[in-house]
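Notes to accompany the following structure.
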Amino acid sequence: MTNTPSPGGELTSFPAPIHAVLIGATGGLGAAFHRHLVAAPHVALVSAFARAPEAVARLPKTNAYPIDLLKEETIAAAAHALKDEAPPRLVLVATGILHQGEAVQPEKTWRRLAPEALSSVYAINTIGPSLLAKHFLGLMPNEGKTVFAALSARVGSISDNRIGGWHAYRASKAALNMMLRCLAIERARKSGQALVIGLHPGTVDTGLSQPFQRAVPDGKLFTADRSAGDMLRVIDGLGPDATGRVFAYDGSEIPA
């Protein structure tokens, strides 16, 4: 595993003070994002959302709230909870599903496709982030840099797909990338400094990748802190021309 520390980005490209919104704050990458955000001197407040928010409420600079991506009413309530706070400049969606018990597993063949599993993966990986954009993009200011970023994946690239498999996960991330592109075009009509982007974290040592880590090449399994820090550094370095695109942890662009 690659444990080399990576600076999380000072987020100096944003007007300060920064109100950051983090969705999925209790997951492996979400918790790492949270640690980096509260340590960033230009971040004044982190609004952290999770199904069990009490686990993250103890960190400094943090207000914690409940949310359930499968229930739009909780997403609307989450956005409404911020009505008295400064408009958020950074919204990070750190959620995703690849497997869940025996019911949801990456398919190795079309013969394993199942409607229930497909629906579950799409609900979390595509529909959830889309509904978050529906309710949170309107809260973000139109002046100065803003970023709405959601975790995507390299395997969501259609042109980069050489080996197939993992049908639902690949397709849900490809659909997410298209949704982010559509959102970016619409958001740009109101703000020339707004970014809507996808982020590929690499292979990270979390529960999502744990069953598949034996196939990861040496040096390509990252700690959550390393990956989250790299992605925040990428966010900090992006300009408005990057909107609607997907970027890896090292700053390289993932093809559509």
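Residues are named by chain letter and number: chains run A, B, ... in the order of the structure tokens, numbers start at 1 in each chain, and ligands are numbered from 1 in the order shown.
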Quick one: residues within 12 Å of His135 (chain A), only C-alpha atoms, excluding same-chain residues fewer than 6 positions away - as a VMD selection string?
chain A and resid 69 72 to 83 91 128 to 129 148
Write out the residues from the selection above, keeping N, CA, C and O atoms, as a CSV table (one decimal), in the first residue's frame.
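result-v9.csv, written as the output of this step:
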```
chain,number,residue,atom,x,y,z
A,69,LEU,N,-29.5,8.9,0.7
A,69,LEU,CA,-29.5,9.2,-0.8
A,69,LEU,C,-30.7,8.5,-1.5
A,69,LEU,O,-31.0,8.8,-2.6
A,72,GLU,N,-35.4,11.2,-1.5
A,72,GLU,CA,-35.2,12.6,-1.9
A,72,GLU,C,-35.7,13.6,-0.8
A,72,GLU,O,-35.1,14.6,-0.7
A,73,GLU,N,-36.6,13.2,0.0
A,73,GLU,CA,-37.1,14.2,1.0
A,73,GLU,C,-36.0,14.5,2.0
A,73,GLU,O,-35.9,15.6,2.5
A,74,THR,N,-35.1,13.5,2.3
A,74,THR,CA,-34.0,13.8,3.2
A,74,THR,C,-32.9,14.7,2.5
A,74,THR,O,-32.3,15.4,3.2
A,75,ILE,N,-32.8,14.5,1.2
A,75,ILE,CA,-31.8,15.4,0.5
A,75,ILE,C,-32.4,16.8,0.5
A,75,ILE,O,-31.6,17.8,0.7
A,76,ALA,N,-33.7,17.0,0.3
A,76,ALA,CA,-34.2,18.3,0.3
A,76,ALA,C,-34.1,18.9,1.7
A,76,ALA,O,-33.8,20.1,1.8
A,77,ALA,N,-34.3,18.1,2.7
A,77,ALA,CA,-34.2,18.6,4.1
A,77,ALA,C,-32.8,19.0,4.4
A,77,ALA,O,-32.5,19.9,5.1
A,78,ALA,N,-31.8,18.2,3.9
A,78,ALA,CA,-30.4,18.5,4.1
A,78,ALA,C,-30.0,19.9,3.5
A,78,ALA,O,-29.4,20.7,4.1
A,79,ALA,N,-30.5,20.2,2.3
A,79,ALA,CA,-30.2,21.5,1.7
A,79,ALA,C,-30.9,22.6,2.5
A,79,ALA,O,-30.3,23.6,2.7
A,80,HIS,N,-32.1,22.3,2.9
A,80,HIS,CA,-32.9,23.3,3.7
A,80,HIS,C,-32.2,23.6,5.0
A,80,HIS,O,-32.2,24.8,5.5
A,81,ALA,N,-31.5,22.7,5.6
A,81,ALA,CA,-30.8,22.8,6.9
A,81,ALA,C,-29.7,23.9,6.8
A,81,ALA,O,-29.2,24.4,7.8
A,82,LEU,N,-29.2,24.2,5.6
A,82,LEU,CA,-28.1,25.2,5.4
A,82,LEU,C,-28.6,26.6,5.1
A,82,LEU,O,-27.8,27.5,4.8
A,83,LYS,N,-29.9,26.8,5.2
A,83,LYS,CA,-30.5,28.1,4.7
A,83,LYS,C,-29.9,29.3,5.5
A,83,LYS,O,-29.9,30.4,4.9
A,91,VAL,N,-19.0,21.5,-2.8
A,91,VAL,CA,-19.8,20.4,-2.4
A,91,VAL,C,-19.2,19.1,-2.9
A,91,VAL,O,-18.9,19.0,-4.1
A,128,GLY,N,-28.6,9.3,-6.8
A,128,GLY,CA,-28.3,10.0,-5.6
A,128,GLY,C,-27.5,11.3,-5.9
A,128,GLY,O,-27.9,12.4,-5.5
A,129,PRO,N,-26.4,11.2,-6.5
A,129,PRO,CA,-25.6,12.4,-6.8
A,129,PRO,C,-26.4,13.4,-7.7
A,129,PRO,O,-26.3,14.6,-7.5
A,148,PHE,N,-18.7,21.7,-7.5
A,148,PHE,CA,-19.6,20.5,-7.2
A,148,PHE,C,-18.8,19.3,-7.7
A,148,PHE,O,-18.7,19.2,-9.0
```
Determine which residues of region 87-166 of chain A receive a DSSP assignment of helix (DSSP H, G or I), computed from the backbone, and state them as an NGL selection string.
:A and (110-112 or 115-139 or 154-156)
My list of candidates is A:Lys134, A:His99, A:Lys145, A:His34. Which is closest to Ala117 (chain A) when distances are computed with only C-alpha atoms?
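When distances to Ala117 (chain A) are compared using only C-alpha atoms, the smallest one comes from A:His99.
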Using only C-alpha atoms, find the one residue out of A:Ala168, A:Val196, A:Val21, A:Leu90 that sits nearest to Leu180 (chain A).
A:Val196
Residues near Ala31 (chain A), cut-off 10 Å, only C-alpha atoms, skip fewer than 3 positions along chain, as a PyMOL selection string:
chain A and resi 22+24-28+34-37+48+55-56+94+224-225+228
Which neighbours of Asn161 (chain A) fall inside 12 Å, counting only C-alpha atoms, when residues of the same chain fewer than 2 positions from it are skipped, and could you give them as JSON, numbers by chain?
{"A": [153, 154, 155, 156, 157, 158, 159, 163, 164, 165, 166, 167, 170, 171, 174, 254, 255, 256]}
What does the structure give for the distance between CA of Glu143 (chain A) and CA of Ser191 (chain A), in Å to one decimal?
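It comes out at 6.6 Å.
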Give one line per residue of region 12-126 of chain A that approaches region 234-237 of chain A to at most 12 Å, naming the two atoms of the closest pair and their distance in Å to one decimal, counting only C-alpha atoms; sort by chain then ascending residue number and deliver it as CSV.
```
residue,atom,partner,partner_atom,distance
A:Thr12,CA,A:Asp236,CA,6.9
A:Ser13,CA,A:Asp236,CA,5.7
A:Phe14,CA,A:Asp236,CA,7.7
A:Pro15,CA,A:Asp236,CA,11.4
A:Ala40,CA,A:Asp236,CA,11.7
A:His42,CA,A:Asp236,CA,11.8
A:Arg89,CA,A:Ile235,CA,11.8
A:Leu90,CA,A:Ile235,CA,9.5
A:Val91,CA,A:Ile235,CA,11.1
A:Leu92,CA,A:Ile235,CA,10.4
```
Determine which residues of region 42-75 of chain A DSSP labels as strand (DSSP E) from the backbone of this structure, then write them out as a VMD selection string.
chain A and resid 43 to 50 62 to 66
Write out, as a PDB file, in the first residue's frame, the residues just selected, with N, CA, C and O atoms.
```
ATOM      1  N   VAL A  43     -10.882  26.854   5.187  1.00  0.00           N
ATOM      2  CA  VAL A  43     -12.212  26.289   5.407  1.00  0.00           C
ATOM      3  C   VAL A  43     -12.712  26.720   6.779  1.00  0.00           C
ATOM      4  O   VAL A  43     -12.091  26.428   7.805  1.00  0.00           O
ATOM      5  N   ALA A  44     -13.835  27.430   6.800  1.00  0.00           N
ATOM      6  CA  ALA A  44     -14.409  27.900   8.061  1.00  0.00           C
ATOM      7  C   ALA A  44     -15.457  26.953   8.614  1.00  0.00           C
ATOM      8  O   ALA A  44     -15.662  26.885   9.834  1.00  0.00           O
ATOM      9  N   LEU A  45     -16.144  26.225   7.732  1.00  0.00           N
ATOM     10  CA  LEU A  45     -17.239  25.352   8.158  1.00  0.00           C
ATOM     11  C   LEU A  45     -17.341  24.168   7.224  1.00  0.00           C
ATOM     12  O   LEU A  45     -17.266  24.325   6.002  1.00  0.00           O
ATOM     13  N   VAL A  46     -17.522  22.993   7.802  1.00  0.00           N
ATOM     14  CA  VAL A  46     -17.837  21.787   7.047  1.00  0.00           C
ATOM     15  C   VAL A  46     -19.224  21.315   7.470  1.00  0.00           C
ATOM     16  O   VAL A  46     -19.450  21.005   8.643  1.00  0.00           O
ATOM     17  N   SER A  47     -20.149  21.306   6.542  1.00  0.00           N
ATOM     18  CA  SER A  47     -21.462  20.717   6.777  1.00  0.00           C
ATOM     19  C   SER A  47     -21.381  19.273   6.314  1.00  0.00           C
ATOM     20  O   SER A  47     -21.300  18.993   5.117  1.00  0.00           O
ATOM     21  N   ALA A  48     -21.351  18.350   7.289  1.00  0.00           N
ATOM     22  CA  ALA A  48     -21.114  16.940   7.008  1.00  0.00           C
ATOM     23  C   ALA A  48     -22.424  16.169   7.076  1.00  0.00           C
ATOM     24  O   ALA A  48     -23.153  16.243   8.074  1.00  0.00           O
ATOM     25  N   PHE A  49     -22.730  15.415   6.014  1.00  0.00           N
ATOM     26  CA  PHE A  49     -23.978  14.668   5.923  1.00  0.00           C
ATOM     27  C   PHE A  49     -23.677  13.173   5.832  1.00  0.00           C
ATOM     28  O   PHE A  49     -22.779  12.756   5.100  1.00  0.00           O
ATOM     29  N   ALA A  50     -24.449  12.391   6.587  1.00  0.00           N
ATOM     30  CA  ALA A  50     -24.288  10.941   6.584  1.00  0.00           C
ATOM     31  C   ALA A  50     -25.545  10.317   7.164  1.00  0.00           C
ATOM     32  O   ALA A  50     -26.360  10.993   7.795  1.00  0.00           O
ATOM     33  N   THR A  62     -17.332  21.708  12.363  1.00  0.00           N
ATOM     34  CA  THR A  62     -18.279  20.788  11.736  1.00  0.00           C
ATOM     35  C   THR A  62     -19.686  20.926  12.294  1.00  0.00           C
ATOM     36  O   THR A  62     -19.882  20.954  13.506  1.00  0.00           O
ATOM     37  N   ASN A  63     -20.642  21.000  11.395  1.00  0.00           N
ATOM     38  CA  ASN A  63     -22.042  20.764  11.707  1.00  0.00           C
ATOM     39  C   ASN A  63     -22.453  19.489  10.989  1.00  0.00           C
ATOM     40  O   ASN A  63     -22.197  19.349   9.794  1.00  0.00           O
ATOM     41  N   ALA A  64     -23.066  18.563  11.718  1.00  0.00           N
ATOM     42  CA  ALA A  64     -23.394  17.258  11.143  1.00  0.00           C
ATOM     43  C   ALA A  64     -24.904  17.084  11.035  1.00  0.00           C
ATOM     44  O   ALA A  64     -25.653  17.480  11.932  1.00  0.00           O
ATOM     45  N   TYR A  65     -25.336  16.473   9.931  1.00  0.00           N
ATOM     46  CA  TYR A  65     -26.758  16.317   9.641  1.00  0.00           C
ATOM     47  C   TYR A  65     -27.014  14.934   9.035  1.00  0.00           C
ATOM     48  O   TYR A  65     -26.143  14.359   8.381  1.00  0.00           O
ATOM     49  N   PRO A  66     -28.242  14.422   9.173  1.00  0.00           N
ATOM     50  CA  PRO A  66     -28.590  13.136   8.547  1.00  0.00           C
ATOM     51  C   PRO A  66     -28.966  13.302   7.078  1.00  0.00           C
ATOM     52  O   PRO A  66     -29.431  14.356   6.657  1.00  0.00           O
TER      53      PRO A  66
END
```
